[in-house]
Amino acid sequence: MSLVAIGINHKTATVDLREKVAFSPDRIHDAMKSLASRTRTGEAVIVSTCNRTELYCNNADKNDIIEWLEDYHQLNHEELMPCIYAYEEQVAVKHLMRVASGLDSLVLGEPQILGQVKQAFVKAKEAGTTAATIDRLFQNTFSVAKKVRTDTEIGAAAVSVAFAAVSMAKHIFSSLSTTKVLLIGAGETIELVAKHLKDNGVASMVVANRTIERAQAMCEEFNATAITLQQIPDFLAKADIVISSTASPLPILGKGMVEKALKQRRHQPMLLVDIAVPRDIEAEVGELDDAFLYTVDDLHSIIEQNMASRKEAAEQAELITEDQSHLFMEWIRSLESVDSIREYRSQSLAIKDELVERALNKLSQGGDSEQVIIELANRLTNRLIHSPTQSLTSASRQGDLNTVGLLRTALGLDKN
């Protein structure tokens, strides 16, 4: 029985299997309660995202937890087992720390997973499936993830197209707080760009899309203005930054349209980032003096360089998780020693109380006080040294000099 982590992720299982093993938000509360009932301490946390499902339990048997997972989702043992990983003790602790730090993610160093782990922990607290050990484990993990972010450059470099586009804008415009942005398209990539822009305090955003309803739905979240593609010429001159990602087979921005907008801007520079394939912005736009055009290929070049940088940072982060997982296990072992000391003391006091009561009974019956005290001392000594004497005798007979040495030290026979 130990601290265990059981799971599958994007490295070990297909999307189809990951979907089968995932826990929906409306079921995860009851699932954690059910899982916790299979542990001796009632402690369990489930982390379930699109890329992983992991079960963290204290004082549990890993085979029992795997069996629970199979039963809960009605999964075939032969289908699940080749995709399962199971870690115990320090390896389980280090795995959780690596996950929260983005070291085990599909995109190395991505920050979203930390929020997902925190959310899982909050849900476990609400379900009442955490106690001292799991609570300490997750709080330490959050501190480690923060330390990794602070002490390494693992999250500093852009490794997604959306993040790279916004990072480039930040590089060209030292502050985004006064810049106006035109986003063309309303798909997943543009939505992620909008999120990064909002996080960086951009002054205003306009979202142009073929269907204005889709643009309006996105604009509500980011306090932006929705327009149609046909309205772009009316707004283009006001944009300091244009980022485009649509599925259009033909360019949306031509050289003439951009040239006209630049004249209206009195040749104030404009950054245009085209992350669409095929292109949304004509290549000839890059020939204009005040237009700075970057394509998805330019961004991928930046991303490749940044991935190399993140891998270097990951090596530092691995050392941090190794060190911190070791410290956590030292804390776990200190708890075990406290329990052992408490149990040993309780046992010794019980022996003392038993023999003192016997001695007092003899005194109350008129027994000789000196004889009663001597008998009490002899009996107490014999009872207290019985188990250590047996252990020493057994170790000596087996030639186990290491155990003999440990016992001698524990009994105070070898002071040095």
# chains A, B, ... in the order shown; residues from 1 in each chain; ligands from 1

call {"tool": "select_by_dssp", "arguments": {"residues": "stretch 82-301 of chain A", "states": "strand (DSSP E or B)", "output": "PyMOL selection string"}}
result
chain A and resi 85-88+180-184+204-209+225-228+241-244+253+270-274+281+291-295

call {"tool": "write_last_selection", "arguments": {"atoms": "N, CA, C and O atoms", "output": "compact mmCIF listing (two decimals), in the first residue's frame"}}
result
# COMPACT_ATOMS: atom_id res chain seq x y z
N TYR A 85 0.17 3.51 -17.38
CA TYR A 85 1.43 3.61 -16.63
C TYR A 85 1.06 3.71 -15.15
O TYR A 85 0.04 4.30 -14.78
N ALA A 86 1.88 3.10 -14.33
CA ALA A 86 1.63 3.07 -12.89
C ALA A 86 2.92 3.41 -12.15
O ALA A 86 3.94 2.75 -12.35
N TYR A 87 2.86 4.44 -11.33
CA TYR A 87 4.04 4.88 -10.57
C TYR A 87 3.72 4.85 -9.08
O TYR A 87 2.58 5.08 -8.67
N GLU A 88 4.76 4.60 -8.28
CA GLU A 88 4.59 4.56 -6.84
C GLU A 88 5.63 5.41 -6.15
O GLU A 88 6.72 5.67 -6.67
N LYS A 180 -4.06 48.85 -31.79
CA LYS A 180 -5.35 48.37 -32.24
C LYS A 180 -5.14 47.20 -33.19
O LYS A 180 -4.28 47.27 -34.07
N VAL A 181 -5.90 46.14 -33.00
CA VAL A 181 -5.67 44.90 -33.73
C VAL A 181 -6.90 44.52 -34.55
O VAL A 181 -8.03 44.59 -34.06
N LEU A 182 -6.64 44.09 -35.77
CA LEU A 182 -7.68 43.52 -36.62
C LEU A 182 -7.39 42.03 -36.78
O LEU A 182 -6.33 41.65 -37.27
N LEU A 183 -8.31 41.20 -36.35
CA LEU A 183 -8.18 39.75 -36.49
C LEU A 183 -9.12 39.29 -37.60
O LEU A 183 -10.31 39.66 -37.60
N ILE A 184 -8.60 38.53 -38.54
CA ILE A 184 -9.41 38.04 -39.65
C ILE A 184 -9.58 36.54 -39.51
O ILE A 184 -8.61 35.78 -39.51
N SER A 204 -7.49 47.53 -28.28
CA SER A 204 -8.80 47.16 -28.83
C SER A 204 -8.63 46.10 -29.90
O SER A 204 -7.57 45.99 -30.52
N MET A 205 -9.70 45.33 -30.13
CA MET A 205 -9.68 44.28 -31.14
C MET A 205 -10.95 44.34 -31.98
O MET A 205 -12.04 44.58 -31.46
N VAL A 206 -10.77 44.12 -33.28
CA VAL A 206 -11.88 43.96 -34.22
C VAL A 206 -11.73 42.59 -34.86
O VAL A 206 -10.62 42.21 -35.28
N VAL A 207 -12.82 41.83 -34.90
CA VAL A 207 -12.78 40.48 -35.48
C VAL A 207 -13.64 40.47 -36.74
O VAL A 207 -14.85 40.74 -36.70
N ALA A 208 -13.00 40.16 -37.87
CA ALA A 208 -13.72 40.06 -39.15
C ALA A 208 -13.88 38.60 -39.52
O ALA A 208 -12.91 37.83 -39.49
N ASN A 209 -15.09 38.24 -39.91
CA ASN A 209 -15.34 36.84 -40.28
C ASN A 209 -16.41 36.78 -41.36
O ASN A 209 -17.23 37.70 -41.50
N THR A 225 -15.00 44.00 -31.30
CA THR A 225 -16.03 44.40 -32.26
C THR A 225 -16.07 43.41 -33.42
O THR A 225 -15.02 43.06 -33.96
N ALA A 226 -17.26 42.98 -33.79
CA ALA A 226 -17.41 42.00 -34.88
C ALA A 226 -17.82 42.72 -36.17
O ALA A 226 -18.69 43.59 -36.16
N ILE A 227 -17.15 42.34 -37.27
CA ILE A 227 -17.50 42.87 -38.58
C ILE A 227 -17.47 41.73 -39.61
O ILE A 227 -16.94 40.65 -39.33
N THR A 228 -17.99 42.01 -40.80
CA THR A 228 -17.91 41.03 -41.88
C THR A 228 -16.62 41.25 -42.68
O THR A 228 -15.97 42.29 -42.55
N ILE A 241 -1.98 46.32 -36.03
CA ILE A 241 -1.61 44.91 -36.21
C ILE A 241 -2.76 44.19 -36.89
O ILE A 241 -3.92 44.35 -36.50
N VAL A 242 -2.43 43.39 -37.90
CA VAL A 242 -3.43 42.55 -38.58
C VAL A 242 -2.94 41.10 -38.50
O VAL A 242 -1.82 40.79 -38.91
N ILE A 243 -3.76 40.24 -37.94
CA ILE A 243 -3.43 38.81 -37.86
C ILE A 243 -4.56 38.04 -38.51
O ILE A 243 -5.73 38.19 -38.12
N SER A 244 -4.23 37.22 -39.51
CA SER A 244 -5.26 36.55 -40.30
C SER A 244 -5.08 35.04 -40.33
O SER A 244 -3.97 34.54 -40.51
N LEU A 253 -6.65 39.98 -48.21
CA LEU A 253 -6.02 41.30 -48.28
C LEU A 253 -5.07 41.35 -49.47
O LEU A 253 -4.12 40.56 -49.54
N MET A 270 2.54 49.19 -40.22
CA MET A 270 1.52 48.18 -39.90
C MET A 270 2.16 46.80 -39.92
O MET A 270 2.89 46.46 -40.86
N LEU A 271 1.92 46.03 -38.87
CA LEU A 271 2.40 44.64 -38.80
C LEU A 271 1.30 43.72 -39.29
O LEU A 271 0.17 43.77 -38.79
N LEU A 272 1.60 42.89 -40.26
CA LEU A 272 0.64 41.92 -40.78
C LEU A 272 1.20 40.51 -40.61
O LEU A 272 2.32 40.22 -41.06
N VAL A 273 0.46 39.65 -39.95
CA VAL A 273 0.88 38.27 -39.70
C VAL A 273 -0.13 37.34 -40.35
O VAL A 273 -1.31 37.31 -39.95
N ASP A 274 0.31 36.60 -41.35
CA ASP A 274 -0.56 35.69 -42.10
C ASP A 274 -0.26 34.25 -41.66
O ASP A 274 0.77 33.68 -42.00
N ILE A 281 -3.07 36.85 -47.15
CA ILE A 281 -2.53 38.16 -47.52
C ILE A 281 -1.57 37.98 -48.70
O ILE A 281 -0.65 37.15 -48.63
N ALA A 291 4.72 48.31 -44.52
CA ALA A 291 4.04 47.06 -44.16
C ALA A 291 5.08 46.00 -43.81
O ALA A 291 5.98 45.72 -44.59
N PHE A 292 4.93 45.42 -42.64
CA PHE A 292 5.84 44.35 -42.21
C PHE A 292 5.06 43.05 -42.19
O PHE A 292 4.25 42.80 -41.28
N LEU A 293 5.26 42.24 -43.23
CA LEU A 293 4.47 41.02 -43.43
C LEU A 293 5.27 39.78 -43.02
O LEU A 293 6.40 39.58 -43.47
N TYR A 294 4.65 38.97 -42.18
CA TYR A 294 5.24 37.70 -41.76
C TYR A 294 4.26 36.58 -42.07
O TYR A 294 3.04 36.75 -41.89
N THR A 295 4.77 35.44 -42.49
CA THR A 295 3.92 34.30 -42.83
C THR A 295 4.06 33.20 -41.78
O THR A 295 4.91 33.29 -40.88

call {"tool": "residues_around", "arguments": {"residues": "stretch 61-72 of chain A", "least_positions_apart": "2", "cutoff": "10 Å", "atoms": "only C-alpha atoms", "output": "number ranges by chain"}}
result
A: 1-7, 21, 23, 31, 34-36, 38-40, 55-59, 74-77, 79-81, 84-88

call {"tool": "write_last_selection", "arguments": {"atoms": "N, CA and C atoms", "output": "mmCIF file, in the first residue's frame"}}
result
data_model
loop_
_atom_site.group_PDB
_atom_site.id
_atom_site.type_symbol
_atom_site.label_atom_id
_atom_site.label_comp_id
_atom_site.auth_asym_id
_atom_site.auth_seq_id
_atom_site.Cartn_x
_atom_site.Cartn_y
_atom_site.Cartn_z
ATOM 1 N N MET A 1 0.849 -1.184 0.000
ATOM 2 C CA MET A 1 0.000 0.000 0.000
ATOM 3 C C MET A 1 0.883 1.230 0.000
ATOM 4 N N SER A 2 0.650 2.176 -0.956
ATOM 5 C CA SER A 2 1.538 3.333 -1.058
ATOM 6 C C SER A 2 0.873 4.459 -1.825
ATOM 7 N N LEU A 3 1.624 5.550 -1.981
ATOM 8 C CA LEU A 3 1.195 6.659 -2.818
ATOM 9 C C LEU A 3 1.359 6.228 -4.270
ATOM 10 N N VAL A 4 0.272 6.279 -5.051
ATOM 11 C CA VAL A 4 0.338 5.779 -6.426
ATOM 12 C C VAL A 4 -0.241 6.791 -7.410
ATOM 13 N N ALA A 5 0.256 6.728 -8.654
ATOM 14 C CA ALA A 5 -0.285 7.502 -9.774
ATOM 15 C C ALA A 5 -0.542 6.524 -10.916
ATOM 16 N N ILE A 6 -1.777 6.473 -11.374
ATOM 17 C CA ILE A 6 -2.179 5.593 -12.469
ATOM 18 C C ILE A 6 -2.713 6.470 -13.592
ATOM 19 N N GLY A 7 -2.333 6.186 -14.844
ATOM 20 C CA GLY A 7 -2.887 7.024 -15.898
ATOM 21 C C GLY A 7 -2.596 6.566 -17.307
ATOM 22 N N VAL A 21 -11.716 6.867 -21.329
ATOM 23 C CA VAL A 21 -11.218 6.892 -19.950
ATOM 24 C C VAL A 21 -11.471 8.247 -19.282
ATOM 25 N N PHE A 23 -13.182 11.602 -17.591
ATOM 26 C CA PHE A 23 -14.260 11.812 -16.630
ATOM 27 C C PHE A 23 -14.928 13.147 -16.929
ATOM 28 N N ALA A 31 -17.130 10.288 -8.931
ATOM 29 C CA ALA A 31 -16.051 9.359 -9.286
ATOM 30 C C ALA A 31 -14.927 9.415 -8.260
ATOM 31 N N SER A 34 -15.938 7.617 -5.137
ATOM 32 C CA SER A 34 -15.886 6.173 -5.355
ATOM 33 C C SER A 34 -14.447 5.677 -5.338
ATOM 34 N N LEU A 35 -13.566 6.404 -5.998
ATOM 35 C CA LEU A 35 -12.158 6.021 -6.033
ATOM 36 C C LEU A 35 -11.537 6.081 -4.641
ATOM 37 N N ALA A 36 -11.847 7.136 -3.892
ATOM 38 C CA ALA A 36 -11.278 7.305 -2.547
ATOM 39 C C ALA A 36 -11.679 6.174 -1.616
ATOM 40 N N ARG A 38 -11.596 3.212 -2.243
ATOM 41 C CA ARG A 38 -10.706 2.066 -2.475
ATOM 42 C C ARG A 38 -9.338 2.266 -1.826
ATOM 43 N N THR A 39 -9.142 3.396 -1.141
ATOM 44 C CA THR A 39 -7.866 3.658 -0.468
ATOM 45 C C THR A 39 -8.060 3.583 1.047
ATOM 46 N N ARG A 40 -6.988 3.340 1.762
ATOM 47 C CA ARG A 40 -7.075 3.216 3.226
ATOM 48 C C ARG A 40 -7.277 4.569 3.893
ATOM 49 N N LEU A 55 -5.006 9.198 -12.045
ATOM 50 C CA LEU A 55 -5.574 8.988 -10.722
ATOM 51 C C LEU A 55 -4.445 9.017 -9.697
ATOM 52 N N TYR A 56 -4.553 9.890 -8.706
ATOM 53 C CA TYR A 56 -3.545 9.994 -7.651
ATOM 54 C C TYR A 56 -4.190 9.579 -6.338
ATOM 55 N N CYS A 57 -3.626 8.546 -5.712
ATOM 56 C CA CYS A 57 -4.214 7.998 -4.494
ATOM 57 C C CYS A 57 -3.149 7.792 -3.424
ATOM 58 N N ASN A 58 -3.553 7.969 -2.180
ATOM 59 C CA ASN A 58 -2.637 7.716 -1.065
ATOM 60 C C ASN A 58 -3.036 6.441 -0.347
ATOM 61 N N ASN A 59 -2.013 5.644 -0.032
ATOM 62 C CA ASN A 59 -2.208 4.389 0.697
ATOM 63 C C ASN A 59 -3.164 3.478 -0.059
ATOM 64 N N GLN A 74 -16.197 0.520 -17.620
ATOM 65 C CA GLN A 74 -16.560 -0.705 -18.339
ATOM 66 C C GLN A 74 -15.595 -0.962 -19.497
ATOM 67 N N LEU A 75 -14.290 -0.954 -19.166
ATOM 68 C CA LEU A 75 -13.247 -1.115 -20.175
ATOM 69 C C LEU A 75 -12.690 -2.527 -20.153
ATOM 70 N N ASN A 76 -12.248 -2.973 -21.310
ATOM 71 C CA ASN A 76 -11.622 -4.285 -21.435
ATOM 72 C C ASN A 76 -10.203 -4.231 -20.894
ATOM 73 N N HIS A 77 -9.853 -5.163 -20.031
ATOM 74 C CA HIS A 77 -8.531 -5.190 -19.389
ATOM 75 C C HIS A 77 -7.418 -5.269 -20.425
ATOM 76 N N GLU A 79 -7.438 -4.253 -23.465
ATOM 77 C CA GLU A 79 -7.350 -3.014 -24.246
ATOM 78 C C GLU A 79 -6.648 -1.911 -23.456
ATOM 79 N N LEU A 80 -6.932 -1.852 -22.162
ATOM 80 C CA LEU A 80 -6.425 -0.754 -21.345
ATOM 81 C C LEU A 80 -4.985 -0.951 -20.881
ATOM 82 N N MET A 81 -4.634 -2.164 -20.462
ATOM 83 C CA MET A 81 -3.356 -2.392 -19.787
ATOM 84 C C MET A 81 -2.117 -1.986 -20.596
ATOM 85 N N ILE A 84 -1.560 1.760 -19.988
ATOM 86 C CA ILE A 84 -1.520 2.278 -18.614
ATOM 87 C C ILE A 84 -0.080 2.440 -18.137
ATOM 88 N N TYR A 85 0.171 3.514 -17.384
ATOM 89 C CA TYR A 85 1.429 3.613 -16.632
ATOM 90 C C TYR A 85 1.064 3.715 -15.148
ATOM 91 N N ALA A 86 1.879 3.102 -14.331
ATOM 92 C CA ALA A 86 1.628 3.070 -12.890
ATOM 93 C C ALA A 86 2.915 3.407 -12.154
ATOM 94 N N TYR A 87 2.859 4.440 -11.325
ATOM 95 C CA TYR A 87 4.036 4.880 -10.570
ATOM 96 C C TYR A 87 3.723 4.855 -9.082
ATOM 97 N N GLU A 88 4.756 4.603 -8.285
ATOM 98 C CA GLU A 88 4.586 4.560 -6.841
ATOM 99 C C GLU A 88 5.634 5.413 -6.146
#

call {"tool": "select_by_dssp", "arguments": {"residues": "stretch 108-249 of chain A", "states": "alpha helix (DSSP H)", "output": "ChimeraX atom specification"}}
result
/A:112-127,132-151,161-172,188-199,212-222,232-235

call {"tool": "residues_around", "arguments": {"residues": "A:Leu411", "least_positions_apart": "2", "cutoff": "12 Å", "atoms": "only C-alpha atoms", "output": "tab-separated table (two decimals) with all heavy atoms, in the first residue's frame"}}
result
chain	number	residue	atom	x	y	z
A	384	LEU	N	10.44	-4.82	28.48
A	384	LEU	CA	10.90	-3.81	27.53
A	384	LEU	C	12.05	-4.30	26.65
A	384	LEU	O	12.18	-3.89	25.50
A	384	LEU	CB	11.33	-2.53	28.27
A	384	LEU	CG	10.21	-1.73	28.94
A	384	LEU	CD1	10.77	-0.53	29.68
A	384	LEU	CD2	9.17	-1.27	27.91
A	385	ILE	N	12.89	-5.21	27.22
A	385	ILE	CA	14.03	-5.67	26.42
A	385	ILE	C	13.73	-6.97	25.67
A	385	ILE	O	14.57	-7.44	24.89
A	385	ILE	CB	15.29	-5.87	27.28
A	385	ILE	CG1	15.13	-7.08	28.24
A	385	ILE	CG2	15.66	-4.62	28.04
A	385	ILE	CD1	16.41	-7.47	28.96
A	387	SER	N	11.57	-7.84	23.08
A	387	SER	CA	11.56	-7.77	21.60
A	387	SER	C	12.93	-7.41	21.02
A	387	SER	O	13.39	-8.07	20.08
A	387	SER	CB	10.50	-6.76	21.13
A	387	SER	OG	9.21	-7.26	21.41
A	388	PRO	N	13.63	-6.37	21.54
A	388	PRO	CA	14.96	-6.08	21.02
A	388	PRO	C	15.93	-7.25	21.18
A	388	PRO	O	16.75	-7.50	20.29
A	388	PRO	CB	15.42	-4.87	21.86
A	388	PRO	CG	14.17	-4.21	22.30
A	388	PRO	CD	13.20	-5.34	22.52
A	389	THR	N	15.83	-7.98	22.31
A	389	THR	CA	16.71	-9.13	22.53
A	389	THR	C	16.45	-10.22	21.51
A	389	THR	O	17.39	-10.81	20.94
A	389	THR	CB	16.50	-9.70	23.95
A	389	THR	OG1	16.80	-8.69	24.91
A	389	THR	CG2	17.42	-10.90	24.19
A	391	SER	N	15.21	-9.81	18.49
A	391	SER	CA	15.68	-9.32	17.18
A	391	SER	C	17.19	-9.43	17.06
A	391	SER	O	17.72	-9.83	16.02
A	391	SER	CB	15.24	-7.86	16.97
A	391	SER	OG	13.83	-7.77	16.94
A	392	LEU	N	17.92	-9.07	18.13
A	392	LEU	CA	19.39	-9.19	18.12
A	392	LEU	C	19.81	-10.65	17.97
A	392	LEU	O	20.72	-10.96	17.21
A	392	LEU	CB	19.96	-8.61	19.42
A	392	LEU	CG	20.35	-7.13	19.41
A	392	LEU	CD1	20.72	-6.68	20.82
A	392	LEU	CD2	21.53	-6.89	18.46
A	404	VAL	N	22.31	-6.17	12.97
A	404	VAL	CA	22.91	-6.13	14.32
A	404	VAL	C	23.43	-4.74	14.61
A	404	VAL	O	23.22	-4.17	15.70
A	404	VAL	CB	24.04	-7.18	14.44
A	404	VAL	CG1	24.80	-6.98	15.76
A	404	VAL	CG2	23.46	-8.60	14.38
A	405	GLY	N	24.13	-4.17	13.66
A	405	GLY	CA	24.69	-2.83	13.85
A	405	GLY	C	23.60	-1.78	14.05
A	405	GLY	O	23.72	-0.90	14.91
A	406	LEU	N	22.52	-1.88	13.24
A	406	LEU	CA	21.42	-0.93	13.38
A	406	LEU	C	20.76	-1.04	14.75
A	406	LEU	O	20.42	-0.03	15.39
A	406	LEU	CB	20.38	-1.16	12.27
A	406	LEU	CG	20.78	-0.78	10.84
A	406	LEU	CD1	19.73	-1.24	9.85
A	406	LEU	CD2	20.96	0.75	10.74
A	407	LEU	N	20.56	-2.29	15.20
A	407	LEU	CA	19.94	-2.51	16.50
A	407	LEU	C	20.83	-2.00	17.63
A	407	LEU	O	20.34	-1.39	18.60
A	407	LEU	CB	19.64	-4.00	16.70
A	407	LEU	CG	18.46	-4.56	15.89
A	407	LEU	CD1	18.43	-6.08	15.93
A	407	LEU	CD2	17.13	-3.99	16.40
A	408	ARG	N	22.12	-2.22	17.53
A	408	ARG	CA	23.04	-1.74	18.56
A	408	ARG	C	22.99	-0.20	18.64
A	408	ARG	O	22.99	0.37	19.73
A	408	ARG	CB	24.47	-2.21	18.28
A	408	ARG	CG	24.71	-3.68	18.55
A	408	ARG	CD	26.17	-4.06	18.35
A	408	ARG	NE	27.04	-3.32	19.25
A	408	ARG	CZ	27.34	-3.67	20.50
A	408	ARG	NH1	26.81	-4.77	21.00
A	408	ARG	NH2	28.14	-2.93	21.25
A	409	THR	N	22.95	0.43	17.47
A	409	THR	CA	22.86	1.91	17.44
A	409	THR	C	21.53	2.37	18.06
A	409	THR	O	21.50	3.32	18.86
A	409	THR	CB	22.99	2.43	16.02
A	409	THR	OG1	24.24	2.01	15.48
A	409	THR	CG2	22.91	3.95	15.97
A	413	LEU	N	23.88	1.10	22.28
A	413	LEU	CA	25.05	0.32	22.65
A	413	LEU	C	26.30	0.86	21.94
A	413	LEU	O	27.41	0.73	22.47
A	413	LEU	CB	24.85	-1.15	22.29
A	413	LEU	CG	23.65	-1.83	22.98
A	413	LEU	CD1	23.50	-3.27	22.49
A	413	LEU	CD2	23.82	-1.80	24.51
A	414	ASP	N	26.13	1.39	20.73
A	414	ASP	CA	27.24	2.01	19.98
A	414	ASP	C	26.95	3.50	19.88
A	414	ASP	O	26.06	3.92	19.13
A	414	ASP	CB	27.36	1.40	18.58
A	414	ASP	CG	27.78	-0.05	18.64
A	414	ASP	OD1	28.46	-0.43	19.60
A	414	ASP	OD2	27.42	-0.81	17.70
A	415	LYS	N	27.67	4.27	20.62
A	415	LYS	CA	27.40	5.70	20.68
A	415	LYS	C	27.89	6.43	19.43
A	415	LYS	O	27.39	7.49	19.07
A	415	LYS	CB	28.08	6.32	21.91
A	415	LYS	CG	27.60	5.72	23.23
A	415	LYS	CD	26.12	6.02	23.47
A	415	LYS	CE	25.66	5.49	24.83
A	415	LYS	NZ	24.22	5.73	25.06

call {"tool": "closest_residue", "arguments": {"among": "A:Thr403, A:Val277, A:Ser348, A:Asp240", "to": "A:Phe173", "atoms": "only C-alpha atoms"}}
result
A:Asp240

call {"tool": "residues_around", "arguments": {"residues": "A:Val47", "least_positions_apart": "2", "cutoff": "8 Å", "atoms": "only C-alpha atoms", "output": "number ranges by chain"}}
result
A: 45, 49, 52-55, 116-117, 120

call {"tool": "residues_around", "arguments": {"residues": "A:Thr321", "least_positions_apart": "5", "cutoff": "9 Å", "atoms": "only C-alpha atoms", "output": "list in words"}}
result
Val93, Lys94, His95, Met97, Arg98, Ser101, Thr141, Val144, Ala145, Val148 and His326 of chain A

call {"tool": "write_last_selection", "arguments": {"atoms": "N, CA and C atoms", "output": "tab-separated table (two decimals), in the first residue's frame"}}
result
chain	number	residue	atom	x	y	z
A	93	VAL	N	5.34	10.92	-7.18
A	93	VAL	CA	5.45	12.33	-6.78
A	93	VAL	C	6.12	13.14	-7.88
A	94	LYS	N	7.23	12.63	-8.39
A	94	LYS	CA	7.95	13.35	-9.44
A	94	LYS	C	7.10	13.46	-10.70
A	95	HIS	N	6.34	12.42	-11.01
A	95	HIS	CA	5.49	12.47	-12.21
A	95	HIS	C	4.48	13.61	-12.11
A	97	MET	N	4.70	16.32	-10.35
A	97	MET	CA	5.43	17.59	-10.44
A	97	MET	C	5.82	17.90	-11.89
A	98	ARG	N	6.20	16.86	-12.65
A	98	ARG	CA	6.54	17.05	-14.06
A	98	ARG	C	5.31	17.44	-14.87
A	101	SER	N	4.34	21.02	-14.21
A	101	SER	CA	5.35	21.95	-14.73
A	101	SER	C	5.39	21.99	-16.25
A	141	THR	N	3.47	20.55	-5.17
A	141	THR	CA	3.55	20.48	-6.63
A	141	THR	C	3.32	21.85	-7.25
A	144	VAL	N	6.41	23.84	-6.84
A	144	VAL	CA	7.47	23.37	-7.75
A	144	VAL	C	7.22	23.92	-9.16
A	145	ALA	N	5.97	23.85	-9.63
A	145	ALA	CA	5.64	24.37	-10.96
A	145	ALA	C	5.96	25.86	-11.06
A	148	VAL	N	9.71	26.23	-11.29
A	148	VAL	CA	10.18	25.90	-12.65
A	148	VAL	C	9.97	27.09	-13.58
A	326	HIS	N	12.27	14.28	-3.98
A	326	HIS	CA	13.07	13.65	-2.92
A	326	HIS	C	12.75	14.27	-1.56

call {"tool": "residues_around", "arguments": {"residues": "A:Glu110", "least_positions_apart": "3", "cutoff": "10 Å", "atoms": "only C-alpha atoms", "output": "list in words"}}
result
Ala100, Ser101, Gly102, Leu103, Asp104, Ser105, Leu106, Val107, Ile113, Leu114, Ile154, Gly155, Ala158, Val159 and Ser160 of chain A

call {"tool": "closest_residue", "arguments": {"among": "A:Leu96, A:Leu176, A:Cys50, A:Ala156", "to": "A:Ile303", "atoms": "only C-alpha atoms"}}
result
A:Ala156

call {"tool": "residues_around", "arguments": {"residues": "stretch 374-377 of chain A", "least_positions_apart": "5", "cutoff": "9 Å", "atoms": "only C-alpha atoms", "output": "PDB file with C-alpha atoms, in the first residue's frame"}}
result
ATOM      1  CA  LEU A 355       2.881  -3.665  35.846  1.00  0.00           C
ATOM      2  CA  VAL A 356       2.349  -0.598  38.058  1.00  0.00           C
ATOM      3  CA  ARG A 358      -0.120  -5.143  39.569  1.00  0.00           C
ATOM      4  CA  ALA A 359       2.442  -3.691  41.987  1.00  0.00           C
ATOM      5  CA  SER A 369       7.227  -2.701  49.574  1.00  0.00           C
ATOM      6  CA  ASN A 382      12.335  -7.915  31.022  1.00  0.00           C
TER       7      ASN A 382
END

call {"tool": "atom_distance", "arguments": {"atom1": "atom CA of A:Leu262", "atom2": "atom CA of A:Gly286"}}
result
12.5 Å

call {"tool": "closest_residue", "arguments": {"among": "A:Glu19, A:Glu78, A:Asp290, A:Asp298", "to": "A:Asn51", "atoms": "only C-alpha atoms"}}
result
A:Glu19
